[in-house]
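*Asks:* A single structure is presented below for examination.
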Amino acid sequence: MSTNTTPESDLDTPVWGAKNIGVVIGRNERQAFHLLESGHLPAEKVGKLWVTTPRRLRSRILGEVA
């Protein structure tokens with residue numbers, strides 16, 4: 001059985017680290033880290049790394065109800 005990656009499933013793929021989260025939201029690593037540490041983005045720390053999904057970021061940025 002093959003797994004097809006669709007844009008919809010990409011929204012639920014975890015994004016690890018401030019640098020990669022910054023890529024998703026169009027900010028550099030330092031800006032993303034500040035937003036994460038300030039609690040402005042929906043993410044959790046696992047060990048020393050931040051993790052979230054593009055869907056959660058999109059919901060926060062666009063003001064959608066999750």
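Within each chain, counting starts at residue 1; across the structure tokens, chains are named A, B, ... in the order shown, with ligands numbered 1 upward in that order.
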Return as a PDB file with N, CA and C atoms, in the first residue's frame the full set of residues in chain A whose backbone-based DSSP assignment is alpha helix (DSSP H).
*Replies:*
ATOM      1  N   PRO A   7      -1.557  17.891  -0.338  1.00  0.00           N
ATOM      2  CA  PRO A   7      -1.424  19.168   0.368  1.00  0.00           C
ATOM      3  C   PRO A   7      -2.155  19.155   1.711  1.00  0.00           C
ATOM      4  N   GLU A   8      -3.290  18.483   1.771  1.00  0.00           N
ATOM      5  CA  GLU A   8      -4.057  18.414   3.019  1.00  0.00           C
ATOM      6  C   GLU A   8      -3.256  17.701   4.107  1.00  0.00           C
ATOM      7  N   SER A   9      -2.631  16.576   3.768  1.00  0.00           N
ATOM      8  CA  SER A   9      -1.856  15.851   4.777  1.00  0.00           C
ATOM      9  C   SER A   9      -0.582  16.602   5.138  1.00  0.00           C
ATOM     10  N   ASP A  10      -0.051  17.414   4.228  1.00  0.00           N
ATOM     11  CA  ASP A  10       1.130  18.216   4.528  1.00  0.00           C
ATOM     12  C   ASP A  10       0.853  19.205   5.656  1.00  0.00           C
ATOM     13  N   ALA A  18      12.818  26.179  15.324  1.00  0.00           N
ATOM     14  CA  ALA A  18      12.470  27.564  14.997  1.00  0.00           C
ATOM     15  C   ALA A  18      12.830  27.910  13.561  1.00  0.00           C
ATOM     16  N   LYS A  19      13.931  27.380  13.066  1.00  0.00           N
ATOM     17  CA  LYS A  19      14.349  27.685  11.693  1.00  0.00           C
ATOM     18  C   LYS A  19      13.306  27.203  10.694  1.00  0.00           C
ATOM     19  N   ASN A  20      12.835  25.962  10.837  1.00  0.00           N
ATOM     20  CA  ASN A  20      11.840  25.412   9.914  1.00  0.00           C
ATOM     21  C   ASN A  20      10.471  26.055  10.102  1.00  0.00           C
ATOM     22  N   ILE A  21      10.126  26.374  11.329  1.00  0.00           N
ATOM     23  CA  ILE A  21       8.865  27.073  11.584  1.00  0.00           C
ATOM     24  C   ILE A  21       8.916  28.451  10.925  1.00  0.00           C
ATOM     25  N   GLY A  22      10.070  29.102  11.001  1.00  0.00           N
ATOM     26  CA  GLY A  22      10.245  30.391  10.345  1.00  0.00           C
ATOM     27  C   GLY A  22      10.031  30.314   8.846  1.00  0.00           C
ATOM     28  N   VAL A  23      10.506  29.232   8.237  1.00  0.00           N
ATOM     29  CA  VAL A  23      10.299  29.046   6.796  1.00  0.00           C
ATOM     30  C   VAL A  23       8.804  28.988   6.491  1.00  0.00           C
ATOM     31  N   VAL A  24       8.061  28.262   7.314  1.00  0.00           N
ATOM     32  CA  VAL A  24       6.618  28.112   7.085  1.00  0.00           C
ATOM     33  C   VAL A  24       5.893  29.448   7.188  1.00  0.00           C
ATOM     34  N   ILE A  25       6.303  30.295   8.139  1.00  0.00           N
ATOM     35  CA  ILE A  25       5.594  31.564   8.347  1.00  0.00           C
ATOM     36  C   ILE A  25       6.255  32.744   7.649  1.00  0.00           C
ATOM     37  N   GLU A  29      14.931  32.649  11.388  1.00  0.00           N
ATOM     38  CA  GLU A  29      14.980  31.814  12.594  1.00  0.00           C
ATOM     39  C   GLU A  29      14.858  32.639  13.872  1.00  0.00           C
ATOM     40  N   ARG A  30      15.546  33.748  13.926  1.00  0.00           N
ATOM     41  CA  ARG A  30      15.518  34.583  15.129  1.00  0.00           C
ATOM     42  C   ARG A  30      14.121  35.160  15.385  1.00  0.00           C
ATOM     43  N   GLN A  31      13.463  35.621  14.327  1.00  0.00           N
ATOM     44  CA  GLN A  31      12.111  36.158  14.479  1.00  0.00           C
ATOM     45  C   GLN A  31      11.145  35.066  14.932  1.00  0.00           C
ATOM     46  N   ALA A  32      11.253  33.894  14.315  1.00  0.00           N
ATOM     47  CA  ALA A  32      10.379  32.778  14.699  1.00  0.00           C
ATOM     48  C   ALA A  32      10.625  32.376  16.148  1.00  0.00           C
ATOM     49  N   PHE A  33      11.900  32.309  16.550  1.00  0.00           N
ATOM     50  CA  PHE A  33      12.229  31.941  17.925  1.00  0.00           C
ATOM     51  C   PHE A  33      11.610  32.927  18.910  1.00  0.00           C
ATOM     52  N   HIS A  34      11.695  34.199  18.611  1.00  0.00           N
ATOM     53  CA  HIS A  34      11.094  35.220  19.481  1.00  0.00           C
ATOM     54  C   HIS A  34       9.582  35.018  19.589  1.00  0.00           C
ATOM     55  N   LEU A  35       8.924  34.799  18.456  1.00  0.00           N
ATOM     56  CA  LEU A  35       7.472  34.577  18.472  1.00  0.00           C
ATOM     57  C   LEU A  35       7.106  33.325  19.263  1.00  0.00           C
ATOM     58  N   LEU A  36       7.918  32.283  19.137  1.00  0.00           N
ATOM     59  CA  LEU A  36       7.675  31.040  19.873  1.00  0.00           C
ATOM     60  C   LEU A  36       7.871  31.248  21.375  1.00  0.00           C
ATOM     61  N   GLU A  37       8.996  31.826  21.744  1.00  0.00           N
ATOM     62  CA  GLU A  37       9.300  32.042  23.163  1.00  0.00           C
ATOM     63  C   GLU A  37       8.305  32.987  23.825  1.00  0.00           C
ATOM     64  N   PRO A  54       1.888  23.028  10.230  1.00  0.00           N
ATOM     65  CA  PRO A  54       1.467  24.159   9.405  1.00  0.00           C
ATOM     66  C   PRO A  54      -0.007  24.510   9.611  1.00  0.00           C
ATOM     67  N   ARG A  55      -0.849  23.513   9.859  1.00  0.00           N
ATOM     68  CA  ARG A  55      -2.277  23.776  10.088  1.00  0.00           C
ATOM     69  C   ARG A  55      -2.476  24.674  11.308  1.00  0.00           C
ATOM     70  N   ARG A  56      -1.783  24.374  12.399  1.00  0.00           N
ATOM     71  CA  ARG A  56      -1.916  25.179  13.616  1.00  0.00           C
ATOM     72  C   ARG A  56      -1.390  26.595  13.398  1.00  0.00           C
ATOM     73  N   LEU A  57      -0.268  26.712  12.690  1.00  0.00           N
ATOM     74  CA  LEU A  57       0.283  28.042  12.395  1.00  0.00           C
ATOM     75  C   LEU A  57      -0.676  28.843  11.536  1.00  0.00           C
ATOM     76  N   ARG A  58      -1.213  28.196  10.524  1.00  0.00           N
ATOM     77  CA  ARG A  58      -2.150  28.869   9.623  1.00  0.00           C
ATOM     78  C   ARG A  58      -3.385  29.348  10.387  1.00  0.00           C
ATOM     79  N   SER A  59      -3.896  28.492  11.267  1.00  0.00           N
ATOM     80  CA  SER A  59      -5.072  28.871  12.046  1.00  0.00           C
ATOM     81  C   SER A  59      -4.811  30.111  12.890  1.00  0.00           C
ATOM     82  N   ARG A  60      -3.639  30.168  13.521  1.00  0.00           N
ATOM     83  CA  ARG A  60      -3.314  31.323  14.360  1.00  0.00           C
ATOM     84  C   ARG A  60      -3.132  32.579  13.511  1.00  0.00           C
ATOM     85  N   ILE A  61      -2.378  32.450  12.439  1.00  0.00           N
ATOM     86  CA  ILE A  61      -2.066  33.616  11.617  1.00  0.00           C
ATOM     87  C   ILE A  61      -3.310  34.170  10.919  1.00  0.00           C
ATOM     88  N   LEU A  62      -4.180  33.283  10.449  1.00  0.00           N
ATOM     89  CA  LEU A  62      -5.373  33.727   9.740  1.00  0.00           C
ATOM     90  C   LEU A  62      -6.546  33.988  10.678  1.00  0.00           C
TER      91      LEU A  62
END
*Asks:* Apply DSSP to the structure's backbone, then extract all residues of chain A labelled strand (DSSP E or B) and return them as number ranges by chain.
*Replies:* A: 15-16, 44-46, 49-52
*Asks:* Go ahead and write the selection's residues with all heavy atoms as a short mmCIF file (atom, residue, chain, number, x, y, z; two decimals), in the first residue's frame.
*Replies:*
data_model
loop_
_atom_site.label_atom_id
_atom_site.label_comp_id
_atom_site.auth_asym_id
_atom_site.auth_seq_id
_atom_site.Cartn_x
_atom_site.Cartn_y
_atom_site.Cartn_z
N VAL A 15 6.42 20.20 12.08
CA VAL A 15 7.53 21.07 11.69
C VAL A 15 8.37 21.25 12.95
O VAL A 15 7.87 21.74 13.97
CB VAL A 15 7.03 22.43 11.17
CG1 VAL A 15 8.20 23.33 10.81
CG2 VAL A 15 6.10 22.24 9.98
N TRP A 16 9.63 20.86 12.88
CA TRP A 16 10.52 20.87 14.04
C TRP A 16 11.53 22.01 13.95
O TRP A 16 12.16 22.20 12.92
CB TRP A 16 11.29 19.56 14.13
CG TRP A 16 10.43 18.41 14.52
CD1 TRP A 16 9.72 17.59 13.68
CD2 TRP A 16 10.16 17.95 15.84
NE1 TRP A 16 9.04 16.65 14.40
CE2 TRP A 16 9.30 16.84 15.74
CE3 TRP A 16 10.58 18.37 17.10
CZ2 TRP A 16 8.84 16.15 16.85
CZ3 TRP A 16 10.12 17.67 18.21
CH2 TRP A 16 9.27 16.59 18.07
N GLU A 44 4.73 23.69 20.88
CA GLU A 44 5.20 23.14 22.15
C GLU A 44 6.68 22.85 22.04
O GLU A 44 7.19 22.60 20.96
CB GLU A 44 4.49 21.83 22.50
CG GLU A 44 3.03 21.97 22.82
CD GLU A 44 2.18 22.09 21.56
OE1 GLU A 44 2.52 21.46 20.55
OE2 GLU A 44 1.19 22.82 21.59
N LYS A 45 7.35 22.85 23.17
CA LYS A 45 8.74 22.45 23.22
C LYS A 45 8.81 20.97 23.56
O LYS A 45 8.17 20.51 24.52
CB LYS A 45 9.50 23.24 24.28
CG LYS A 45 10.34 24.33 23.71
CD LYS A 45 11.23 24.93 24.77
CE LYS A 45 12.25 25.83 24.09
NZ LYS A 45 13.06 26.53 25.08
N VAL A 46 9.57 20.24 22.78
CA VAL A 46 9.85 18.84 23.07
C VAL A 46 11.36 18.78 23.25
O VAL A 46 12.12 18.95 22.29
CB VAL A 46 9.40 17.90 21.93
CG1 VAL A 46 9.79 16.47 22.23
CG2 VAL A 46 7.89 18.03 21.71
N LEU A 49 13.61 21.49 21.35
CA LEU A 49 13.09 21.88 20.04
C LEU A 49 11.62 22.25 20.10
O LEU A 49 10.82 21.62 20.80
CB LEU A 49 13.24 20.72 19.05
CG LEU A 49 14.62 20.43 18.50
CD1 LEU A 49 14.56 19.22 17.59
CD2 LEU A 49 15.15 21.63 17.75
N TRP A 50 11.26 23.28 19.33
CA TRP A 50 9.86 23.65 19.15
C TRP A 50 9.26 22.76 18.08
O TRP A 50 9.94 22.41 17.11
CB TRP A 50 9.76 25.10 18.72
CG TRP A 50 10.04 26.06 19.82
CD1 TRP A 50 11.21 26.71 20.07
CD2 TRP A 50 9.13 26.48 20.84
NE1 TRP A 50 11.09 27.51 21.18
CE2 TRP A 50 9.83 27.38 21.67
CE3 TRP A 50 7.81 26.17 21.14
CZ2 TRP A 50 9.23 27.98 22.77
CZ3 TRP A 50 7.21 26.78 22.22
CH2 TRP A 50 7.92 27.66 23.02
N VAL A 51 7.99 22.42 18.23
CA VAL A 51 7.29 21.63 17.23
C VAL A 51 5.85 22.10 17.10
O VAL A 51 5.22 22.48 18.09
CB VAL A 51 7.35 20.11 17.53
CG1 VAL A 51 6.61 19.77 18.82
CG2 VAL A 51 6.80 19.29 16.36
N THR A 52 5.37 22.12 15.89
CA THR A 52 3.98 22.48 15.59
C THR A 52 3.66 21.94 14.21
O THR A 52 4.46 21.23 13.61
CB THR A 52 3.77 24.01 15.67
OG1 THR A 52 2.37 24.29 15.60
CG2 THR A 52 4.51 24.74 14.59
#
